[in-house]
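Undergrad: Dropping in target.csv, which is CSV, C-alpha atoms:
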```
chain,number,residue,atom,x,y,z
A,1,MET,CA,0.2,22.0,12.9
A,2,TRP,CA,0.8,19.8,16.0
A,3,ALA,CA,4.1,20.7,17.7
A,4,PHE,CA,5.3,20.7,21.2
A,5,GLU,CA,8.6,21.7,22.8
A,6,HIS,CA,10.3,21.6,26.2
A,7,SER,CA,13.6,23.0,27.4
A,8,VAL,CA,15.7,22.0,30.4
A,9,GLU,CA,19.1,23.0,31.7
A,10,THR,CA,21.9,20.6,32.6
A,11,THR,CA,25.4,21.0,34.2
A,12,ALA,CA,26.8,19.0,31.3
A,13,SER,CA,28.5,20.7,28.4
A,14,PRO,CA,27.1,20.8,24.9
A,15,ALA,CA,29.9,18.5,23.9
A,16,THR,CA,28.8,15.9,26.4
A,17,VAL,CA,25.2,16.0,25.4
A,18,TRP,CA,26.2,15.9,21.7
A,19,GLY,CA,28.1,12.7,22.5
A,20,LEU,CA,25.0,11.2,23.8
A,21,TYR,CA,23.0,12.2,20.7
A,22,ALA,CA,25.7,10.7,18.4
A,23,ASP,CA,25.8,7.4,20.4
A,24,VAL,CA,22.4,6.2,19.1
A,25,ALA,CA,23.0,2.7,20.6
A,26,GLY,CA,22.7,4.5,24.0
A,27,TRP,CA,19.5,6.3,23.4
A,28,PRO,CA,17.4,3.8,25.3
A,29,ARG,CA,19.3,4.9,28.5
A,30,TRP,CA,17.5,8.3,28.4
A,31,ASN,CA,14.7,7.9,26.0
A,32,ALA,CA,11.9,5.5,27.2
A,33,ALA,CA,10.2,5.7,23.8
A,34,VAL,CA,13.2,4.0,22.1
A,35,GLN,CA,14.1,0.4,22.2
A,36,SER,CA,16.9,0.6,19.7
A,37,VAL,CA,18.2,2.8,16.9
A,38,LYS,CA,20.3,1.5,14.0
A,39,LEU,CA,22.0,3.8,11.5
A,40,ASP,CA,23.4,2.9,8.2
A,41,GLY,CA,26.2,5.5,8.5
A,42,PRO,CA,27.6,8.2,10.8
A,43,PHE,CA,25.5,10.5,12.8
A,44,GLN,CA,25.2,13.2,10.2
A,45,ALA,CA,22.7,14.8,7.8
A,46,GLY,CA,21.5,12.3,5.2
A,47,THR,CA,22.1,9.2,7.2
A,48,SER,CA,19.1,6.8,7.5
A,49,GLY,CA,18.3,3.9,9.6
A,50,TRP,CA,15.6,2.4,11.8
A,51,LEU,CA,14.1,3.4,15.1
A,52,THR,CA,12.3,0.7,17.1
A,53,PRO,CA,9.9,1.9,19.8
A,54,PRO,CA,9.4,-0.6,22.7
A,55,GLY,CA,7.2,-3.5,21.6
A,56,ALA,CA,6.7,-2.1,18.1
A,57,GLU,CA,8.1,-2.7,14.7
A,58,PRO,CA,11.1,-0.7,13.4
A,59,LEU,CA,10.2,2.7,11.8
A,60,PRO,CA,12.2,4.4,9.1
A,61,PHE,CA,14.5,7.1,10.6
A,62,THR,CA,16.5,9.8,8.9
A,63,ILE,CA,18.8,12.6,10.1
A,64,LEU,CA,17.9,15.7,8.2
A,65,ALA,CA,20.5,18.0,9.7
A,66,ALA,CA,23.3,17.8,12.2
A,67,SER,CA,25.7,20.3,13.7
A,68,GLU,CA,28.3,18.9,16.1
A,69,GLY,CA,27.8,20.4,19.6
A,70,THR,CA,24.7,22.4,18.5
A,71,GLY,CA,22.0,19.9,17.7
A,72,TYR,CA,20.2,17.9,15.0
A,73,VAL,CA,16.9,17.4,13.2
A,74,SER,CA,15.5,13.9,12.5
A,75,GLU,CA,12.4,12.4,11.1
A,76,THR,CA,10.7,9.1,12.1
A,77,THR,CA,8.1,7.8,9.6
A,78,ILE,CA,5.1,6.7,11.7
A,79,ALA,CA,3.1,6.0,8.6
A,80,GLU,CA,3.1,7.0,4.9
A,81,THR,CA,0.9,10.0,5.9
A,82,VAL,CA,2.6,11.2,9.0
A,83,ARG,CA,6.2,11.7,10.3
A,84,LEU,CA,7.5,12.8,13.6
A,85,ARG,CA,10.2,15.5,13.2
A,86,ALA,CA,12.5,16.1,16.2
A,87,THR,CA,14.5,19.3,16.4
A,88,ASN,CA,16.9,19.0,19.3
A,89,THR,CA,19.1,22.1,20.0
A,90,LEU,CA,21.9,22.8,22.5
A,91,SER,CA,22.9,26.2,23.7
A,92,LEU,CA,25.8,27.0,26.0
A,93,LEU,CA,25.1,28.5,29.4
A,94,PRO,CA,27.4,30.9,31.2
A,95,GLY,CA,28.4,28.4,33.8
A,96,GLY,CA,29.5,25.8,31.3
A,97,GLY,CA,26.4,23.8,31.2
A,98,CYS,CA,23.8,23.9,28.5
A,99,ARG,CA,20.2,24.3,27.7
A,100,ILE,CA,18.6,21.4,25.9
A,101,LEU,CA,15.6,22.3,23.7
A,102,HIS,CA,13.6,19.4,22.3
A,103,ARG,CA,10.9,20.2,19.8
A,104,ALA,CA,8.5,17.5,18.4
A,105,GLU,CA,6.4,18.2,15.3
A,106,LEU,CA,4.1,16.1,13.2
A,107,VAL,CA,4.4,16.6,9.5
A,108,GLY,CA,2.6,15.0,6.5
A,109,PRO,CA,-1.0,15.0,5.2
A,110,ALA,CA,-2.4,13.2,8.3
A,111,ALA,CA,-0.3,15.2,10.8
A,112,GLU,CA,-3.3,17.2,12.1
A,113,TYR,CA,-5.5,14.2,12.5
A,114,PHE,CA,-2.8,12.1,14.1
A,115,GLY,CA,-2.0,14.9,16.4
A,116,GLN,CA,-5.6,15.3,17.5
A,117,SER,CA,-5.8,11.6,18.4
A,118,PHE,CA,-2.4,10.7,19.5
A,119,GLY,CA,-0.7,14.0,20.2
A,120,PRO,CA,-1.4,14.1,23.9
A,121,ALA,CA,0.6,10.8,24.4
A,122,LEU,CA,3.4,12.2,22.3
A,123,ARG,CA,3.4,15.4,24.2
A,124,ASP,CA,3.8,13.7,27.5
A,125,GLY,CA,7.0,12.0,26.3
A,126,VAL,CA,8.8,15.2,25.2
A,127,PRO,CA,9.5,16.7,28.7
A,128,ARG,CA,10.1,13.2,30.1
A,129,THR,CA,12.8,12.5,27.5
A,130,ALA,CA,14.5,16.0,27.8
A,131,GLU,CA,14.6,15.7,31.6
A,132,ALA,CA,16.0,12.2,31.5
A,133,LEU,CA,18.7,13.3,29.0
A,134,ALA,CA,19.7,16.3,31.1
A,135,ALA,CA,20.0,14.1,34.2
A,136,HIS,CA,21.9,11.4,32.3
A,137,ALA,CA,24.3,14.0,30.8
A,138,ALA,CA,24.9,15.5,34.2
A,139,ALA,CA,25.8,12.1,35.5
A,140,VAL,CA,28.2,11.4,32.6
A,141,ALA,CA,29.8,14.8,33.1
A,142,ALA,CA,30.3,14.1,36.8
A,143,ASP,CA,31.9,10.7,36.0
A,144,GLU,CA,34.2,12.3,33.5
A,145,ALA,CA,35.2,15.0,36.0
A,146,ALA,CA,35.9,12.4,38.7
A,147,ALA,CA,38.0,10.2,36.4
B,1,MET,CA,-34.6,21.8,22.7
B,2,THR,CA,-35.3,19.4,19.9
B,3,ALA,CA,-33.6,19.9,16.5
B,4,PRO,CA,-36.1,21.1,13.8
B,5,ASP,CA,-35.6,18.0,11.7
B,6,ALA,CA,-35.3,15.5,14.6
B,7,LEU,CA,-36.6,12.0,14.1
B,8,ALA,CA,-39.4,10.6,16.3
B,9,GLY,CA,-39.0,7.6,18.4
B,10,PRO,CA,-41.5,4.7,18.6
B,11,GLY,CA,-43.6,6.4,21.3
B,12,GLY,CA,-43.7,9.7,19.6
B,13,GLY,CA,-40.8,11.2,21.7
B,14,PRO,CA,-37.4,11.9,20.3
B,15,ALA,CA,-35.6,9.1,18.5
B,16,ARG,CA,-33.0,7.3,20.6
B,17,ALA,CA,-29.4,6.6,19.7
B,18,LEU,CA,-27.4,4.1,21.6
B,19,ILE,CA,-23.6,4.3,21.9
B,20,ALA,CA,-22.0,1.0,22.7
B,21,MET,CA,-18.5,0.6,24.2
B,22,THR,CA,-15.9,-1.7,25.6
B,23,SER,CA,-15.4,-2.5,29.3
B,24,GLN,CA,-11.8,-3.6,28.8
B,25,HIS,CA,-9.4,-1.8,31.1
B,26,THR,CA,-6.1,-3.2,29.9
B,27,MET,CA,-4.6,-4.8,26.9
B,28,PRO,CA,-2.7,-8.2,27.1
B,29,ASN,CA,0.6,-6.2,27.5
B,30,GLY,CA,-0.8,-4.2,30.5
B,31,ARG,CA,-1.4,-1.0,28.5
B,32,GLU,CA,-4.4,0.8,29.7
B,33,THR,CA,-7.3,1.0,27.4
B,34,GLY,CA,-11.1,1.7,27.3
B,35,VAL,CA,-13.6,3.4,25.1
B,36,TYR,CA,-11.8,6.1,23.0
B,37,ALA,CA,-12.9,9.3,24.6
B,38,SER,CA,-13.0,11.5,21.4
B,39,GLU,CA,-15.1,9.0,19.5
B,40,LEU,CA,-17.6,8.7,22.4
B,41,ALA,CA,-17.8,12.5,22.8
B,42,ASP,CA,-17.9,13.3,19.1
B,43,ALA,CA,-20.8,10.9,18.5
B,44,TRP,CA,-22.7,12.2,21.5
B,45,GLN,CA,-22.3,15.7,20.2
B,46,VAL,CA,-23.6,14.9,16.8
B,47,PHE,CA,-26.5,12.8,17.9
B,48,SER,CA,-27.5,15.4,20.6
B,49,ASP,CA,-27.4,18.2,18.1
B,50,ALA,CA,-29.5,16.2,15.7
B,51,GLY,CA,-32.2,15.8,18.4
B,52,PHE,CA,-31.6,12.2,19.5
B,53,GLU,CA,-31.8,11.1,23.0
B,54,VAL,CA,-28.5,9.4,23.6
B,55,ASP,CA,-28.1,6.3,25.7
B,56,VAL,CA,-25.0,4.2,26.4
B,57,VAL,CA,-24.3,0.5,26.9
B,58,SER,CA,-21.2,-1.4,27.7
B,59,VAL,CA,-20.0,-5.0,27.7
B,60,ARG,CA,-20.0,-5.5,31.5
B,61,GLY,CA,-22.1,-2.5,32.6
B,62,GLY,CA,-21.2,0.0,35.3
B,63,VAL,CA,-18.5,2.6,34.7
B,64,PRO,CA,-16.7,1.9,31.5
B,65,PRO,CA,-13.0,2.8,31.3
B,66,MET,CA,-12.0,5.6,28.9
B,67,GLU,CA,-8.9,5.8,26.8
B,68,ALA,CA,-7.0,8.9,25.6
B,69,VAL,CA,-9.1,11.5,27.5
B,70,ASN,CA,-8.0,15.0,26.4
B,71,PRO,CA,-9.2,17.7,28.7
B,72,GLU,CA,-8.1,20.3,26.1
B,73,ASP,CA,-10.7,19.0,23.7
B,74,GLY,CA,-13.9,21.1,23.9
B,75,THR,CA,-16.3,18.3,22.9
B,76,GLN,CA,-14.8,15.9,25.4
B,77,ARG,CA,-15.1,18.6,28.1
B,78,ALA,CA,-18.7,19.2,27.2
B,79,PHE,CA,-19.4,15.5,27.3
B,80,LEU,CA,-17.8,14.9,30.6
B,81,ALA,CA,-19.5,17.9,32.1
B,82,ASP,CA,-23.0,17.0,30.8
B,83,PRO,CA,-25.0,16.0,33.9
B,84,VAL,CA,-27.3,13.6,32.0
B,85,MET,CA,-24.5,11.8,30.3
B,86,SER,CA,-22.5,11.7,33.5
B,87,ALA,CA,-25.3,9.9,35.2
B,88,LYS,CA,-25.7,7.5,32.4
B,89,MET,CA,-21.9,6.8,32.2
B,90,ALA,CA,-21.8,6.2,35.9
B,91,ASP,CA,-24.2,3.2,35.6
B,92,THR,CA,-24.2,1.9,32.0
B,93,PRO,CA,-26.4,-1.1,31.3
B,94,THR,CA,-25.3,-4.2,29.5
B,95,ALA,CA,-27.0,-5.1,26.2
B,96,ALA,CA,-28.9,-8.0,27.9
B,97,GLY,CA,-31.8,-5.8,29.0
B,98,LEU,CA,-32.1,-3.6,25.9
B,99,ARG,CA,-34.3,-4.0,22.8
B,100,GLY,CA,-33.2,-3.1,19.3
B,101,ALA,CA,-36.6,-1.8,18.4
B,102,ASP,CA,-36.2,1.1,20.9
B,103,TYR,CA,-33.3,2.6,18.9
B,104,ARG,CA,-33.1,4.2,15.5
B,105,MET,CA,-29.3,4.2,15.8
B,106,LEU,CA,-26.6,2.1,17.3
B,107,PHE,CA,-23.1,3.6,17.2
B,108,VAL,CA,-20.1,1.5,18.4
B,109,ALA,CA,-17.2,3.5,19.6
B,110,GLY,CA,-13.6,2.2,19.5
B,111,GLY,CA,-10.6,2.1,21.7
B,112,HIS,CA,-8.2,-0.8,21.5
B,113,GLY,CA,-10.0,-2.7,24.2
B,114,ALA,CA,-12.9,-3.1,21.8
B,115,VAL,CA,-11.2,-5.9,20.0
B,116,CYS,CA,-10.8,-7.8,23.3
B,117,ASP,CA,-14.4,-7.9,24.5
B,118,LEU,CA,-16.9,-6.7,21.9
B,119,PRO,CA,-16.7,-9.7,19.7
B,120,ASP,CA,-17.7,-12.0,22.6
B,121,ASP,CA,-20.7,-10.0,23.7
B,122,GLU,CA,-23.6,-12.1,22.4
B,123,ASP,CA,-26.2,-9.7,23.8
B,124,LEU,CA,-24.6,-6.8,21.9
B,125,ALA,CA,-24.6,-8.9,18.7
B,126,ARG,CA,-28.3,-9.7,19.2
B,127,LEU,CA,-29.1,-6.0,19.9
B,128,THR,CA,-27.1,-4.9,16.8
B,129,ARG,CA,-29.1,-7.4,14.7
B,130,GLU,CA,-32.3,-6.2,16.1
B,131,VAL,CA,-31.5,-2.5,15.5
B,132,TYR,CA,-30.6,-3.3,11.9
B,133,GLU,CA,-33.5,-5.6,11.2
B,134,THR,CA,-36.0,-3.2,12.6
B,135,GLY,CA,-34.8,-0.5,10.1
B,136,GLY,CA,-32.3,1.2,12.3
B,137,VAL,CA,-28.8,2.4,11.4
B,138,VAL,CA,-25.7,0.5,12.6
B,139,ALA,CA,-22.6,2.6,12.8
B,140,ALA,CA,-19.1,1.9,14.1
B,141,VAL,CA,-15.7,3.6,14.1
B,142,CYS,CA,-12.1,2.7,14.5
B,143,HIS,CA,-12.0,-0.6,16.6
B,144,GLY,CA,-15.8,-0.4,17.1
B,145,PRO,CA,-16.5,-2.6,14.1
B,146,ALA,CA,-15.2,-5.5,16.3
B,147,ALA,CA,-18.8,-5.6,17.5
B,148,LEU,CA,-20.0,-6.5,14.0
B,149,LEU,CA,-17.8,-9.6,13.6
B,150,ASP,CA,-20.4,-12.1,14.8
B,151,VAL,CA,-23.6,-10.3,14.0
B,152,VAL,CA,-25.6,-12.8,12.0
B,153,LEU,CA,-28.9,-11.7,10.4
B,154,ALA,CA,-32.1,-13.7,10.4
B,155,ASP,CA,-31.3,-15.1,7.0
B,156,GLY,CA,-28.1,-16.6,8.4
B,157,THR,CA,-25.7,-14.2,6.7
B,158,HIS,CA,-23.1,-12.0,8.5
B,159,LEU,CA,-24.1,-8.4,8.7
B,160,VAL,CA,-20.8,-7.4,7.1
B,161,ALA,CA,-20.8,-10.0,4.4
B,162,GLY,CA,-20.5,-8.4,1.0
B,163,ARG,CA,-20.7,-4.9,2.6
B,164,ARG,CA,-18.0,-2.2,2.3
B,165,VAL,CA,-16.6,-1.6,5.7
B,166,ALA,CA,-14.0,0.7,7.1
B,167,ALA,CA,-12.1,0.0,10.4
B,168,PHE,CA,-8.7,0.7,11.9
B,169,THR,CA,-6.3,-0.7,9.4
B,170,ASN,CA,-3.3,-3.0,9.8
B,171,ASP,CA,-0.9,-0.2,8.8
B,172,GLU,CA,-2.5,2.1,11.5
B,173,GLU,CA,-2.1,-0.7,14.1
B,174,ARG,CA,1.6,-1.1,13.2
B,175,ALA,CA,2.1,2.7,13.3
B,176,VAL,CA,0.8,3.0,16.8
B,177,GLY,CA,2.9,0.0,18.0
B,178,MET,CA,0.0,-2.3,18.7
B,179,ALA,CA,0.4,-4.9,16.0
B,180,SER,CA,1.9,-7.4,18.4
B,181,VAL,CA,-0.6,-6.5,21.2
B,182,VAL,CA,-4.0,-6.8,19.6
B,183,PRO,CA,-5.4,-10.4,19.5
B,184,PHE,CA,-6.1,-10.0,15.8
B,185,PHE,CA,-6.0,-7.4,13.0
B,186,LEU,CA,-9.6,-6.1,12.9
B,187,ALA,CA,-9.5,-5.3,9.2
B,188,ASP,CA,-8.4,-8.8,8.4
B,189,GLU,CA,-11.0,-10.4,10.7
B,190,LEU,CA,-13.8,-8.4,9.1
B,191,ALA,CA,-12.6,-9.5,5.7
B,192,ARG,CA,-12.8,-13.1,6.8
B,193,ARG,CA,-16.5,-12.5,7.6
B,194,GLY,CA,-16.9,-11.4,4.0
B,195,ALA,CA,-16.6,-7.6,4.5
B,196,VAL,CA,-15.2,-5.7,1.5
B,197,ARG,CA,-12.3,-3.7,2.9
B,198,ASP,CA,-12.5,0.0,2.2
B,199,GLU,CA,-9.4,1.8,3.4
B,200,ALA,CA,-8.0,5.3,3.1
B,201,PRO,CA,-4.3,6.2,3.8
B,202,PRO,CA,-3.4,5.9,7.5
B,203,PHE,CA,-5.0,8.3,9.9
B,204,MET,CA,-7.0,10.2,7.3
B,205,PRO,CA,-10.7,10.5,8.1
B,206,HIS,CA,-12.7,8.0,6.1
B,207,VAL,CA,-16.3,7.0,6.2
B,208,VAL,CA,-18.1,4.3,4.3
B,209,ILE,CA,-21.9,4.2,3.9
B,210,ASP,CA,-23.3,0.9,2.7
B,211,GLU,CA,-27.1,1.2,3.0
B,212,ARG,CA,-27.8,1.3,6.8
B,213,LEU,CA,-24.3,0.2,7.8
B,214,VAL,CA,-22.0,3.2,8.4
B,215,THR,CA,-18.4,2.7,9.4
B,216,GLY,CA,-15.2,4.8,9.9
B,217,GLN,CA,-11.5,4.1,9.9
B,218,ASN,CA,-10.0,5.9,12.9
B,219,PRO,CA,-10.6,8.5,15.6
B,220,PRO,CA,-10.7,11.5,13.2
B,221,SER,CA,-13.5,9.8,11.4
B,222,ALA,CA,-15.9,9.6,14.4
B,223,THR,CA,-17.8,12.9,13.8
B,224,LEU,CA,-18.1,12.1,10.1
B,225,VAL,CA,-19.5,8.7,10.9
B,226,ALA,CA,-22.0,10.0,13.3
B,227,ARG,CA,-23.1,12.7,10.8
B,228,ALA,CA,-23.4,10.2,8.1
B,229,ALA,CA,-25.4,7.9,10.3
B,230,VAL,CA,-27.9,10.7,11.1
B,231,GLN,CA,-28.2,11.4,7.4
B,232,VAL,CA,-28.9,7.7,6.7
B,233,ALA,CA,-31.5,7.7,9.4
B,234,ARG,CA,-33.2,10.7,7.9
B,235,GLY,CA,-32.9,9.2,4.4
B,236,THR,CA,-30.7,12.1,3.2
B,237,ALA,CA,-27.4,10.3,2.9
B,238,THR,CA,-25.6,9.7,-0.4
B,239,VAL,CA,-23.7,6.5,-0.8
B,240,SER,CA,-20.0,7.0,-0.3
B,241,ARG,CA,-17.5,6.0,-3.0
B,242,PRO,CA,-14.9,3.4,-2.5
B,243,ALA,CA,-11.5,4.7,-1.3
B,244,ALA,CA,-9.0,5.2,-4.1
```
Output the file's structure as structure tokens, nothing else.
TA:
Amino acid sequence: MWAFEHSVETTASPATVWGLYADVAGWPRWNAAVQSVKLDGPFQAGTSGWLTPPGAEPLPFTILAASEGTGYVSETTIAETVRLRATNTLSLLPGGGCRILHRAELVGPAAEYFGQSFGPALRDGVPRTAEALAAHAAAVAADEAAA
Amino acid sequence: MTAPDALAGPGGGPARALIAMTSQHTMPNGRETGVYASELADAWQVFSDAGFEVDVVSVRGGVPPMEAVNPEDGTQRAFLADPVMSAKMADTPTAAGLRGADYRMLFVAGGHGAVCDLPDDEDLARLTREVYETGGVVAAVCHGPAALLDVVLADGTHLVAGRRVAAFTNDEERAVGMASVVPFFLADELARRGAVRDEAPPFMPHVVIDERLVTGQNPPSATLVARAAVQVARGTATVSRPAA
């Protein structure tokens, strides 16, 4: 099974990061692999929509699980034989910030083959996205504190 | 050491396999490309193990660009560390100076750049025709079948006309976000030359043997294509069934 995860700490609270997760229209601000996300409902388990990578066609996207302030699990259908499952988890740190854990996993009958060929490129994006989210969340938290 | 059931070349030495590849460094959108590293390394490993002497050729000669190099892959590490292949990759010839009769096997590796420059390489098309018409095996994987588009045999027919052919599919192109980047869908273009499209579900390994033409759909198919090509060269291959 192809899977990769990366964790990073941010000074922002879990609630702040959760707000960034739930604001899917804002994902391109911290996720370079996303041009746009459109959901057909609220950010909660069972809601589907479309995720469009830069320069590519929209891919079916579904939220499998979501727990406010804690994290969510989503799947993006790359092809009929392979899906990218993202498990993004938040845990509170003693100082009030949080640890962001992003796990990417390929599932489906072609997951192993797709991972062998295209996994390295996917893997490169996981830490980049988590780090960008942490930095963006910290900036949002600082703005909120200054306001 | 020569494999026990190795084929002999024209001069009595080991048979020679030629791996052809793109020289394209970037796609029209600026994305880096080159020969797909796993396909190149996987084919080299199979042909070497089968006792072939492996040569390489590229569209523009010199050092070809490589795409998706994965240092964690043992076969790629072995290929990149092999001193003989390192020397050959450092100064690849073009097809202009090569003769098809010298090769029992031509294997065309993929990488997205293949669809940009392989179809216009008239010398490679001539070499491919010569390999095939002197009894050799022509194999290609992923975007490598782009080299077959304009291969016309002595009787005036396209090499792929009426033949079952596998190549990177339209769905796979969409899935990797390259549908609007590639100059054409390879599978469609092969079909326009008369090829009979033979596809498996996206990203599943898939190999098609049609007499001495062996093709594969995607990177995970490369080892299977090379093995099948060796079997065809030895006369031990069984014809593959069409994909369901």
Undergrad: Each residue of chain B with at least one atom at most 6 Å from chain A should appear once, together with its nearest atom pair and the corresponding distance in Å (one decimal); atoms considered: all atoms listed in the file; ordering: chain, then increasing residue number; output as a Markdown table.
TA:
```
| residue | atom | partner | partner_atom | distance |
| --- | --- | --- | --- | --- |
| B:Ala175 | CA | A:Ile78 | CA | 5.2 |
| B:Gly177 | CA | A:Ala56 | CA | 4.3 |
| B:Phe203 | CA | A:Ala110 | CA | 5.8 |
| B:Met204 | CA | A:Ala110 | CA | 5.6 |
| B:Pro220 | CA | A:Tyr113 | CA | 5.9 |
```
Undergrad: Residues of stretch 32-146 of chain A that have any atom at most 9 Å from an atom of stretch 7-17 of chain A: could you tabulate them with the shortest-distance atom pair and the distance in Å to one decimal, using all atoms listed in the file, ordered by chain and increasing number, as a Markdown table?
TA:
```
| residue | atom | partner | partner_atom | distance |
| --- | --- | --- | --- | --- |
| A:Glu68 | CA | A:Ala15 | CA | 8.0 |
| A:Gly69 | CA | A:Ala15 | CA | 5.1 |
| A:Thr70 | CA | A:Pro14 | CA | 7.0 |
| A:Gly71 | CA | A:Pro14 | CA | 8.9 |
| A:Leu90 | CA | A:Pro14 | CA | 6.1 |
| A:Ser91 | CA | A:Pro14 | CA | 6.9 |
| A:Leu92 | CA | A:Pro14 | CA | 6.4 |
| A:Leu93 | CA | A:Glu9 | CA | 8.5 |
| A:Gly95 | CA | A:Thr11 | CA | 8.0 |
| A:Gly96 | CA | A:Ser13 | CA | 6.0 |
| A:Gly97 | CA | A:Thr11 | CA | 4.2 |
| A:Cys98 | CA | A:Thr10 | CA | 5.6 |
| A:Arg99 | CA | A:Glu9 | CA | 4.3 |
| A:Ile100 | CA | A:Val8 | CA | 5.4 |
| A:Leu101 | CA | A:Ser7 | CA | 4.3 |
| A:His102 | CA | A:Ser7 | CA | 6.2 |
| A:Arg103 | CA | A:Ser7 | CA | 8.5 |
| A:Pro127 | CA | A:Ser7 | CA | 7.6 |
| A:Ala130 | CA | A:Val8 | CA | 6.6 |
| A:Glu131 | CA | A:Val8 | CA | 6.5 |
| A:Leu133 | CA | A:Val17 | CA | 7.9 |
| A:Ala134 | CA | A:Thr10 | CA | 5.1 |
| A:Ala135 | CA | A:Thr10 | CA | 7.0 |
| A:His136 | CA | A:Val17 | CA | 8.9 |
| A:Ala137 | CA | A:Ala12 | CA | 5.6 |
| A:Ala138 | CA | A:Ala12 | CA | 4.9 |
| A:Ala139 | CA | A:Ala12 | CA | 8.1 |
| A:Val140 | CA | A:Thr16 | CA | 7.7 |
| A:Ala141 | CA | A:Ala12 | CA | 5.5 |
| A:Ala142 | CA | A:Ala12 | CA | 8.2 |
```
Undergrad: For a test of reading the model, state the distance in Å between atom CA of A:Val37 and atom CA of A:Thr62, rounded to one decimal.
TA: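 The value is 10.8 Å.
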Undergrad: One decimal, Å: what's the distance from atom CA of B:Ser58 over to atom CA of B:Gly34, could you say?
TA: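 Taking atom CA of B:Ser58 as the start and atom CA of B:Gly34 as the end point, the length is 10.6 Å.
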Undergrad: To one decimal place in Å, what is the distance between atom CA of B:Ala166 and atom CA of B:Asn218?
TA: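 Value for the atom CA of B:Ala166-atom CA of B:Asn218 distance: 8.8 Å.
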Undergrad: Identify which of the residues B:Ala20, B:Asp91, B:Pro202, B:Cys142 lies closest to A:Arg83, counting all atoms listed in the file when measuring atom-to-atom distances.
TA: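 Distance minimum relative to A:Arg83 lands on B:Pro202.
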Undergrad: What's the 7 Å shell around stretch 94-111 of chain B, counting only C-alpha atoms, without same-chain residues fewer than 3 positions away, as an MDAnalysis selection string?
TA: chainID B and resid 10 15:21 33:36 39:40 57:61 67 114 123:124 127:128 130:131 134 136:145
Undergrad: Quick one: write out the picked residues with C-alpha atoms as a short mmCIF file (atom, residue, chain, number, x, y, z; two decimals), in the coordinates of the input?
TA:
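Just written: again.cif:
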```cif
data_model
loop_
_atom_site.label_atom_id
_atom_site.label_comp_id
_atom_site.auth_asym_id
_atom_site.auth_seq_id
_atom_site.Cartn_x
_atom_site.Cartn_y
_atom_site.Cartn_z
CA PRO B 10 -41.50 4.70 18.60
CA ALA B 15 -35.60 9.10 18.50
CA ARG B 16 -33.00 7.30 20.60
CA ALA B 17 -29.40 6.60 19.70
CA LEU B 18 -27.40 4.10 21.60
CA ILE B 19 -23.60 4.30 21.90
CA ALA B 20 -22.00 1.00 22.70
CA MET B 21 -18.50 0.60 24.20
CA THR B 33 -7.30 1.00 27.40
CA GLY B 34 -11.10 1.70 27.30
CA VAL B 35 -13.60 3.40 25.10
CA TYR B 36 -11.80 6.10 23.00
CA GLU B 39 -15.10 9.00 19.50
CA LEU B 40 -17.60 8.70 22.40
CA VAL B 57 -24.30 0.50 26.90
CA SER B 58 -21.20 -1.40 27.70
CA VAL B 59 -20.00 -5.00 27.70
CA ARG B 60 -20.00 -5.50 31.50
CA GLY B 61 -22.10 -2.50 32.60
CA GLU B 67 -8.90 5.80 26.80
CA ALA B 114 -12.90 -3.10 21.80
CA ASP B 123 -26.20 -9.70 23.80
CA LEU B 124 -24.60 -6.80 21.90
CA LEU B 127 -29.10 -6.00 19.90
CA THR B 128 -27.10 -4.90 16.80
CA GLU B 130 -32.30 -6.20 16.10
CA VAL B 131 -31.50 -2.50 15.50
CA THR B 134 -36.00 -3.20 12.60
CA GLY B 136 -32.30 1.20 12.30
CA VAL B 137 -28.80 2.40 11.40
CA VAL B 138 -25.70 0.50 12.60
CA ALA B 139 -22.60 2.60 12.80
CA ALA B 140 -19.10 1.90 14.10
CA VAL B 141 -15.70 3.60 14.10
CA CYS B 142 -12.10 2.70 14.50
CA HIS B 143 -12.00 -0.60 16.60
CA GLY B 144 -15.80 -0.40 17.10
CA PRO B 145 -16.50 -2.60 14.10
#
```
Undergrad: Tell me which of B:Pro201, B:Pro219, B:Gly9, B:Pro71 sits closest to B:Val54, counting only C-alpha atoms.
TA: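 Comparing B:Pro201, B:Pro219, B:Gly9, B:Pro71 against B:Val54, the winner is B:Gly9.
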Undergrad: Give the answer as one residue: which of A:Ala33, A:Ala25, A:Ile63, A:Leu20 has the shortest atom-to-atom distance to A:Asp124, using only C-alpha atoms?
TA: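 Residue with the minimum atom-to-atom distance to A:Asp124: A:Ala33.
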Undergrad: Which polymer residues have any atom within 12 Å of an atom of B:Met85, counting only C-alpha atoms, with same-chain residues fewer than 4 positions away left out, as a list in words?
TA: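 Residues meeting the cut-off are Leu18, Ile19, Leu40, Ala41, Trp44, Gln45, Ser48, Glu53, Val54, Asp55, Val56, Val57, Val63, Gln76, Arg77, Ala78, Phe79, Leu80, Ala81, Met89, Ala90, Asp91 and Thr92 of chain B.
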Undergrad: Would you mind listing what lies within 12 Å of A:Asp23 as number ranges by chain, with all atoms listed in the file counted and same-chain residues fewer than 6 positions away left out?
TA: A: 16-17, 29-30, 36-39, 42-44
Undergrad: Give the answer as one residue: which of B:Gly62, B:Gly135, B:Ala43, B:Gly74 has the shortest atom-to-atom distance to B:Ser23, using only C-alpha atoms?
TA: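 When distances to B:Ser23 are compared using only C-alpha atoms, the smallest one comes from B:Gly62.
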Undergrad: At a cut-off of 12 Å, using only C-alpha atoms, what residues contact B:Val196? Leave out same-chain residues fewer than 2 positions from it and give the result as a list of chain:residue names.
TA: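 Here the qualifying residues turn out to be B:Leu159, B:Val160, B:Ala161, B:Gly162, B:Arg163, B:Arg164, B:Val165, B:Ala166, B:Ala167, B:Ala187, B:Asp188, B:Glu189, B:Leu190, B:Ala191, B:Arg192, B:Arg193, B:Gly194, B:Asp198, B:Glu199, B:Val208, B:Asp210, B:Thr215, B:Pro242, B:Ala243.
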